[in-house]
Structures are given as C-alpha cells and as structure tokens.
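Below is one structure, written out as structure tokens, with a few remarks after it.
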Amino acid sequence: MDMNMLLTLNLAFAVLAPSLASSSRFIQPPQSQSIIENDAVDFGCEATGPSSDLHYEWLHNGQQIVYDRRVARIDSNLHIESVQREDAGDYVCIAASVASGARQASPPAKLSVICKYPNPFMTMTIMAESMPKTCAKKYLTTF
C-alpha cells in the first residue's frame with residue numbers, strides 16, 4: 001500500500017470516527033420507576049442517528065420481550081398495560097442500526113411494582129411463596 005493511500009484511509013477514519021461514536025448515544029435512556037400493581041407504565045427510549053435507520057427492541061431481565069396486547073413497543077418506547085408483579089425487574093432498550101447492524105444497549109431501568117393487598121382468602125404461607133419477597137415481607141408485617 002502506498003503512502004498516499006494510507007494517509008487517505010487514516011484521514012477518512014479520523015473524519016468518520018466521531019460521527020460513529022456519537023451515533024450510538026442515547027438522547028433519552030429509560031428511567032427507573034415505581035408503579036402500583038395493575039397501573040400502566042411507559043419507558044421512553046431514544047438514540048441519536050437517523051430515525052429511519054434505527055430499530056428498537058427491549059429486554060426484560062436480559063431476555064427479549066415478546067410483545068402482546070398488554071406489552072407493546074410503540075415506536076422506540078415500551079408500554080406495559082396493567083403491570084403485574086412478574087413485570088418487576090430491569091428493562092434495557094436496544095437501538096440497532098438497520099444499515100450497519102451496530103447495536104447499542106441503554107443503561108438498565110428498574111421497574112419496581114408496588115403490590116396491592118392480596119386476596120384475603122389466601123393464607124400467609126401461600127402469599128410468602130407466590131409473591132416476590134418485597135411484597136411478601138410487606139404483607140407479613142402488615143397483618
């Protein structure tokens with residue numbers, strides 16, 4: 001490779017590198033939230049780059065979310081209708097460039113579910129085994 005070609009490649013990389021680095025930043029990363037059980041929650045997410053080139057996906061506790069009527073991706077945002085106890089955990093937004101295939105993960109946002117009082121006919125033993133520890137502990141000390 002001759003010296004002119006090497007200089008041209010180095011210059012091209014120096015010019016393109018800042019735009020590549022800035023294209024993977026999140027303008028709006030998802031934020032941690034505490035939601036009362038059965039209420040709805042929305043996580044916002046937006047990354048830099050041409051919006052037509054970006055595709056968004058969401059992870060819950062490291063697993064790709066399967067969308068349905070209750071859990072939906074709306075543009076880049078995540079909407080959960082009627083939050084359940086099992087929805088608690090970490091949510092990560094993944095922004096992917098359609099053109100290059102490059103992927104960037106947001107910092108995790110924690111969803112805490114504030115549990116409503118359980119069915120009064122349930123025994124405390126069943127409650128403690130079937131609820132997340134934070135809910136079970138709260139209810140066991142409430143009675």
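Lettering and numbering for the structure tokens are positional, with chains as A, B, ... in the shown order, residues counted from 1 in each chain, and ligands counted from 1 in the shown order.
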Exercise. Looking only at the backbone, which of the residues in stretch 44-115 of chain A does DSSP tag as strand (DSSP E), as a ChimeraX atom specification?
Worked result: /A:46-47,54-60,63-64,71-74,77-80,89-97,103-105,109-114
Exercise. Pick from A:Leu111, A:Ile35, A:Ala99, A:Cys93: nearest to A:Asp75, with only C-alpha atoms counted?
Worked result: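 Once distances to A:Asp75 are computed over only C-alpha atoms, the minimum belongs to A:Cys93.
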For this session: Skip A:Ile114 itself and residues of its chain fewer than 2 positions away, then list as number ranges by chain all residues within 8 Å of it, counting only C-alpha atoms.
Result: A: 34-37, 112, 116, 135
For this session: Can you pull out every residue within 10 Å of A:Gln33, counting only C-alpha atoms, but drop anything in the same chain fewer than 6 positions away, and send it as number ranges by chain?
Result: A: 41-43, 88, 109-113
For this session: For each of A:Ser76, A:Ile94, A:Pro107, A:Gln31, take the minimum atom-to-atom distance to A:Gln64, counting only C-alpha atoms, then give the residue where this is smallest.
Result: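 When distances to A:Gln64 are compared using only C-alpha atoms, the smallest one comes from A:Ile94.
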Exercise. Which is closest to A:His60 among A:Gly89, A:Ala95, A:Ser100, A:Ser106, if we use only C-alpha atoms?
Worked result: A:Gly89
Exercise. At what distance in Å, to one decimal, does atom CA of A:Leu54 lie from atom CA of A:Ala96?
Worked result: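 So the two atoms, atom CA of A:Ala96 and atom CA of A:Leu54, lie 5.5 Å apart.
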